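First comes the structure, then the notes that go with it.
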Amino acid sequence: MSYATEYTFTITKSIRLYTNYAQEGSKIIIYRANGGRVPNSSLDSIFVEVANSHYICPNTLYDGGNFVREGYVLYGYNTEPDGSGRYYGLGWNIVMPETGIETLYAQWLKETEPEKFKYTISGGKVQITGYTGDDDVVVIPEYIGGNPVTSIASKAFSNCSFSTLVFSKNLKTVTPGAVVNCPNFTTLYMSDSIMSINDNFYQNCPNFSKLYMNATQAPRYISSRNGPYQIKFERLMTAPGKKLIVTGGSNVAYGVISEQLMAGLDNEYSVVNYGCNQSTPASFYIEVISHFINEGDILIHVPENINYQWGYNAVNETLWQIFEGAYDAFSYVDIRNYINIFTSFASFNAARQSKEINTYENYTSETVNMYGDYIKEKVGQTYTPSANRYDLAASLITNAYNKNLNRSLDMVAAAGGKCYLSFACINYVAENEISRTSSHQAQYMNAAKNNIHAVVISNVADYLMDTRYFFNTDFHLNTEGAKIRTDMLIRDIKAQLAKEK
């Protein structure tokens, strides 16, 4: 009847009320069909209890057929029935209110009339071959004549005037050149039902910038090493007060102890450990982060010496694995700033089909804590250092890559944040001989100072550490090493803040 502590209603006949109990600390999400219905049921609502206490932002229901509405496509949920509240896509992370209870309303778009399409039917499947309408929003029907719409042919959408295109969940194949010469096209709602697509599906569409990615299937990578990184995204959205966000590859994930860092800065900041994978584009993470920056927040980028961390902008399968449980991240970036988004998605989606179906709540013990720190015990393993393997290559700190990194850093600064740059911890033995010289290190740091739109707060020599502080790679600090590194970072941040007073 109500979740208010007091609720009055008039009884007109005898009625029996049943009490439903939720586990203490659980989060309750109520989904309203909002014009649709629950199939094979008289209900118009679904109630979901999430009992995982470590789970800050539960995922919305993916589109597994929970709601249906003939002639309409489900494209997300909203906190208000009319769509005026906060939008969440399918499988996105819900920022829960303090009550622990949220009501979400299904959001529907009416399918574009079949007579506005040209199409063929073969083997009971429909392929869209052309479009003759002039709608601003084009919604691919799930069915035409009772047959599922599964593919879009080359030049099906040519010289069209629409601004928004919606791929329905039966769509499996989008042919290269499917959308051509559509200058008003800005926004795509796409489901992860698509198995074949690449970056050439759209051509000469200069304003296509926004991707809303929806889930139609359960996650597969949530129990993998990359899966739990969505908790970092949750922390970004929910951390209270001023934030201090540390980005970089796994050297940050393993090598920063957030509680120690917060205490060392007198608990003035809520730390977000956004260390992910060195072979994914740092500019992507930082562009996402810029949307959650407030005046006085600090972002510290700690790049490994690899092109992805200095601005290379190719999206790959690993990035999709990391954000499989947080598709919302893609809605915060301008996809024109990146390459290989759709090609890498197709590879990612094909690879995961052979993996075991999982749930969003099924984190493994090899996971991250609420701050984003990797909390697996980092001791007891031995490995052979990669002697003389790595070079502090100033050649990576060039405009070809840095323009992408600087663009995202500038977005942080425009939102009122401070941008600092520190250096990744690397096994000293793993660096080649020239990288151990002070002159080479100075050249490396000067390249960063002169090319990156961030204040260099650290000395790279400090972060070339002894082998005994690493536990399974030349970048992954053990617990003792992480404590030492965090203290150095505290020292560097304090020194910089003192300069700014």
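Ordering of the structure tokens sets the chain letters (A, B, ...); residue numbers start at 1 within each chain; ligands are numbered from 1 in the order shown.
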(message) Can you tell me which residues surround region 157-160 of chain A at a distance of at most 7 Å, considering only C-alpha atoms, apart from same-chain residues fewer than 3 positions away, and format the answer as a PyMOL selection string?
(response) chain A and resi 130-131+178-182
Using only C-alpha atoms, I'd like a table of the residues in region 249-343 of chain A that come within 10 Å of region 483-491 of chain A; for each, show the closest atom pair and its distance in Å rounded to one decimal, ordered by chain and ascending number, as a Markdown table.
| residue | atom | partner | partner_atom | distance |
| --- | --- | --- | --- | --- |
| A:Val252 | CA | A:Thr486 | CA | 9.8 |
| A:Gly255 | CA | A:Arg485 | CA | 6.8 |
| A:Val256 | CA | A:Thr486 | CA | 5.5 |
| A:Ile257 | CA | A:Thr486 | CA | 6.3 |
| A:Ser258 | CA | A:Thr486 | CA | 8.2 |
| A:Glu259 | CA | A:Thr486 | CA | 9.8 |
| A:Gln260 | CA | A:Thr486 | CA | 7.1 |
| A:Leu261 | CA | A:Thr486 | CA | 6.2 |
| A:Met262 | CA | A:Ile490 | CA | 8.8 |
| A:Ala263 | CA | A:Ile490 | CA | 9.4 |
| A:Gly264 | CA | A:Ile490 | CA | 6.1 |
| A:Leu265 | CA | A:Ile490 | CA | 6.8 |
| A:Ile300 | CA | A:Leu489 | CA | 9.8 |
Selection export as an mmCIF file, in the first residue's frame, atoms kept: all heavy atoms:
data_model
loop_
_atom_site.group_PDB
_atom_site.id
_atom_site.type_symbol
_atom_site.label_atom_id
_atom_site.label_comp_id
_atom_site.auth_asym_id
_atom_site.auth_seq_id
_atom_site.Cartn_x
_atom_site.Cartn_y
_atom_site.Cartn_z
ATOM 1 N N VAL A 252 47.590 1.645 -9.980
ATOM 2 C CA VAL A 252 46.756 2.391 -9.032
ATOM 3 C C VAL A 252 45.798 1.451 -8.312
ATOM 4 O O VAL A 252 45.621 1.533 -7.091
ATOM 5 C CB VAL A 252 45.976 3.508 -9.760
ATOM 6 C CG1 VAL A 252 44.959 4.156 -8.824
ATOM 7 C CG2 VAL A 252 46.928 4.545 -10.306
ATOM 8 N N GLY A 255 47.973 -0.369 -5.945
ATOM 9 C CA GLY A 255 49.002 0.355 -5.222
ATOM 10 C C GLY A 255 48.573 1.561 -4.440
ATOM 11 O O GLY A 255 49.432 2.320 -3.967
ATOM 12 N N VAL A 256 47.268 1.813 -4.300
ATOM 13 C CA VAL A 256 46.787 2.935 -3.494
ATOM 14 C C VAL A 256 45.835 2.390 -2.435
ATOM 15 O O VAL A 256 44.914 1.628 -2.749
ATOM 16 C CB VAL A 256 46.076 3.992 -4.355
ATOM 17 C CG1 VAL A 256 45.401 5.048 -3.479
ATOM 18 C CG2 VAL A 256 47.061 4.654 -5.318
ATOM 19 N N ILE A 257 46.062 2.771 -1.191
ATOM 20 C CA ILE A 257 45.179 2.379 -0.082
ATOM 21 C C ILE A 257 44.354 3.608 0.279
ATOM 22 O O ILE A 257 44.856 4.564 0.887
ATOM 23 C CB ILE A 257 45.992 1.875 1.117
ATOM 24 C CG1 ILE A 257 46.853 0.668 0.697
ATOM 25 C CG2 ILE A 257 45.072 1.496 2.272
ATOM 26 C CD1 ILE A 257 47.798 0.175 1.779
ATOM 27 N N SER A 258 43.102 3.594 -0.097
ATOM 28 C CA SER A 258 42.277 4.810 -0.033
ATOM 29 C C SER A 258 42.071 5.306 1.393
ATOM 30 O O SER A 258 42.118 6.518 1.649
ATOM 31 C CB SER A 258 40.925 4.555 -0.707
ATOM 32 O OG SER A 258 41.089 4.385 -2.094
ATOM 33 N N GLU A 259 41.824 4.412 2.332
ATOM 34 C CA GLU A 259 41.602 4.858 3.712
ATOM 35 C C GLU A 259 42.852 5.529 4.273
ATOM 36 O O GLU A 259 42.762 6.529 4.994
ATOM 37 C CB GLU A 259 41.179 3.671 4.571
ATOM 38 C CG GLU A 259 39.760 3.196 4.271
ATOM 39 C CD GLU A 259 39.337 2.037 5.149
ATOM 40 O OE1 GLU A 259 39.873 0.923 4.977
ATOM 41 O OE2 GLU A 259 38.457 2.250 6.025
ATOM 42 N N GLN A 260 44.015 4.983 3.942
ATOM 43 C CA GLN A 260 45.275 5.598 4.360
ATOM 44 C C GLN A 260 45.446 6.959 3.703
ATOM 45 O O GLN A 260 45.877 7.926 4.352
ATOM 46 C CB GLN A 260 46.435 4.672 3.982
ATOM 47 C CG GLN A 260 47.814 5.198 4.329
ATOM 48 C CD GLN A 260 48.919 4.264 3.828
ATOM 49 O OE1 GLN A 260 48.677 3.094 3.547
ATOM 50 N NE2 GLN A 260 50.132 4.780 3.709
ATOM 51 N N LEU A 261 45.091 7.057 2.422
ATOM 52 C CA LEU A 261 45.203 8.324 1.706
ATOM 53 C C LEU A 261 44.263 9.370 2.292
ATOM 54 O O LEU A 261 44.654 10.533 2.485
ATOM 55 C CB LEU A 261 44.899 8.096 0.221
ATOM 56 C CG LEU A 261 45.005 9.292 -0.726
ATOM 57 C CD1 LEU A 261 46.358 9.976 -0.611
ATOM 58 C CD2 LEU A 261 44.755 8.857 -2.159
ATOM 59 N N MET A 262 43.041 8.987 2.614
ATOM 60 C CA MET A 262 42.094 9.934 3.200
ATOM 61 C C MET A 262 42.572 10.407 4.564
ATOM 62 O O MET A 262 42.534 11.612 4.875
ATOM 63 C CB MET A 262 40.707 9.285 3.304
ATOM 64 C CG MET A 262 40.016 9.130 1.961
ATOM 65 S SD MET A 262 38.286 8.604 2.065
ATOM 66 C CE MET A 262 38.475 6.930 2.648
ATOM 67 N N ALA A 263 43.032 9.481 5.391
ATOM 68 C CA ALA A 263 43.513 9.856 6.721
ATOM 69 C C ALA A 263 44.716 10.781 6.628
ATOM 70 O O ALA A 263 44.846 11.737 7.410
ATOM 71 C CB ALA A 263 43.859 8.598 7.519
ATOM 72 N N GLY A 264 45.606 10.501 5.667
ATOM 73 C CA GLY A 264 46.799 11.325 5.498
ATOM 74 C C GLY A 264 46.489 12.742 5.061
ATOM 75 O O GLY A 264 47.310 13.653 5.240
ATOM 76 N N LEU A 265 45.298 12.929 4.470
ATOM 77 C CA LEU A 265 44.851 14.262 4.050
ATOM 78 C C LEU A 265 43.766 14.786 4.975
ATOM 79 O O LEU A 265 42.923 15.596 4.592
ATOM 80 C CB LEU A 265 44.351 14.206 2.600
ATOM 81 C CG LEU A 265 45.413 13.816 1.567
ATOM 82 C CD1 LEU A 265 44.775 13.644 0.190
ATOM 83 C CD2 LEU A 265 46.536 14.847 1.507
ATOM 84 N N ILE A 300 43.993 12.991 -9.880
ATOM 85 C CA ILE A 300 45.414 12.689 -10.029
ATOM 86 C C ILE A 300 45.537 11.567 -11.052
ATOM 87 O O ILE A 300 45.065 10.454 -10.821
ATOM 88 C CB ILE A 300 46.057 12.250 -8.704
ATOM 89 C CG1 ILE A 300 45.813 13.291 -7.618
ATOM 90 C CG2 ILE A 300 47.560 12.011 -8.898
ATOM 91 C CD1 ILE A 300 46.339 12.889 -6.261
#
For Asp136 (chain A), find every residue with an atom within 8 Å (counting only C-alpha atoms), except residues of its own chain fewer than 2 positions away, and show them as a PDB file with all heavy atoms, in the first residue's frame.
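As written to disk, around22.pdb reads:
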ATOM      1  N   ASP A 134      10.246  10.865 -42.553  1.00  0.00           N
ATOM      2  CA  ASP A 134      10.967  12.077 -42.176  1.00  0.00           C
ATOM      3  C   ASP A 134      10.869  12.325 -40.669  1.00  0.00           C
ATOM      4  O   ASP A 134      10.919  13.459 -40.211  1.00  0.00           O
ATOM      5  CB  ASP A 134      10.441  13.284 -42.944  1.00  0.00           C
ATOM      6  CG  ASP A 134       8.948  13.515 -42.717  1.00  0.00           C
ATOM      7  OD1 ASP A 134       8.313  12.721 -41.975  1.00  0.00           O
ATOM      8  OD2 ASP A 134       8.410  14.489 -43.279  1.00  0.00           O
ATOM      9  N   VAL A 138      13.577   7.719 -35.135  1.00  0.00           N
ATOM     10  CA  VAL A 138      13.250   6.495 -35.866  1.00  0.00           C
ATOM     11  C   VAL A 138      13.477   5.306 -34.940  1.00  0.00           C
ATOM     12  O   VAL A 138      14.588   5.120 -34.422  1.00  0.00           O
ATOM     13  CB  VAL A 138      14.106   6.348 -37.137  1.00  0.00           C
ATOM     14  CG1 VAL A 138      13.828   5.006 -37.818  1.00  0.00           C
ATOM     15  CG2 VAL A 138      13.818   7.502 -38.096  1.00  0.00           C
ATOM     16  N   SER A 161      16.858  12.589 -42.276  1.00  0.00           N
ATOM     17  CA  SER A 161      16.844  13.803 -41.462  1.00  0.00           C
ATOM     18  C   SER A 161      16.699  13.527 -39.967  1.00  0.00           C
ATOM     19  O   SER A 161      16.671  14.463 -39.173  1.00  0.00           O
ATOM     20  CB  SER A 161      15.691  14.712 -41.907  1.00  0.00           C
ATOM     21  OG  SER A 161      14.441  14.049 -41.750  1.00  0.00           O
ATOM     22  N   PHE A 162      16.603  12.267 -39.553  1.00  0.00           N
ATOM     23  CA  PHE A 162      16.362  11.968 -38.141  1.00  0.00           C
ATOM     24  C   PHE A 162      17.554  12.389 -37.278  1.00  0.00           C
ATOM     25  O   PHE A 162      18.697  12.448 -37.740  1.00  0.00           O
ATOM     26  CB  PHE A 162      16.063  10.481 -37.937  1.00  0.00           C
ATOM     27  CG  PHE A 162      17.171   9.545 -38.346  1.00  0.00           C
ATOM     28  CD1 PHE A 162      18.248   9.310 -37.511  1.00  0.00           C
ATOM     29  CD2 PHE A 162      17.131   8.888 -39.568  1.00  0.00           C
ATOM     30  CE1 PHE A 162      19.272   8.459 -37.882  1.00  0.00           C
ATOM     31  CE2 PHE A 162      18.147   8.033 -39.946  1.00  0.00           C
ATOM     32  CZ  PHE A 162      19.225   7.819 -39.099  1.00  0.00           C
ATOM     33  N   SER A 163      17.275  12.644 -35.990  1.00  0.00           N
ATOM     34  CA  SER A 163      18.340  12.952 -35.031  1.00  0.00           C
ATOM     35  C   SER A 163      18.622  11.771 -34.110  1.00  0.00           C
ATOM     36  O   SER A 163      19.740  11.626 -33.614  1.00  0.00           O
ATOM     37  CB  SER A 163      17.968  14.179 -34.188  1.00  0.00           C
ATOM     38  OG  SER A 163      16.853  13.892 -33.354  1.00  0.00           O
ATOM     39  N   THR A 164      17.594  10.929 -33.895  1.00  0.00           N
ATOM     40  CA  THR A 164      17.731   9.809 -32.958  1.00  0.00           C
ATOM     41  C   THR A 164      17.322   8.512 -33.639  1.00  0.00           C
ATOM     42  O   THR A 164      16.278   8.447 -34.294  1.00  0.00           O
ATOM     43  CB  THR A 164      16.860  10.028 -31.705  1.00  0.00           C
ATOM     44  OG1 THR A 164      17.267  11.242 -31.060  1.00  0.00           O
ATOM     45  CG2 THR A 164      16.990   8.866 -30.731  1.00  0.00           C
TER      46      THR A 164
END
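For region 432-499 of chain A, the set of residues given strand (DSSP E) by DSSP on the backbone reads Val455, Val456, Leu464 and Met465 of chain A.
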(request) Write out as a ChimeraX atom specification each polymer residue whose atoms come within 8 Å of Ser270 (chain A), counting only C-alpha atoms; drop sequence neighbours fewer than 4 positions from it. (result) /A:239-244,262
(request) Run DSSP on the backbone and give me the residues of region 195-414 of chain A it puts in alpha helix (DSSP H), as a VMD selection string. (result) chain A and resid 230 to 238 250 to 255 258 to 264 282 to 290 317 to 322 341 to 352 399 to 414
(request) Rank A:Asn200, A:Ala314, A:Ile457, A:Thr103 by their smallest atom-to-atom distance to Ala495 (chain A), using only C-alpha atoms, and report the top residue only. (result)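 Closest to Ala495 (chain A), using only C-alpha atoms: A:Ile457.
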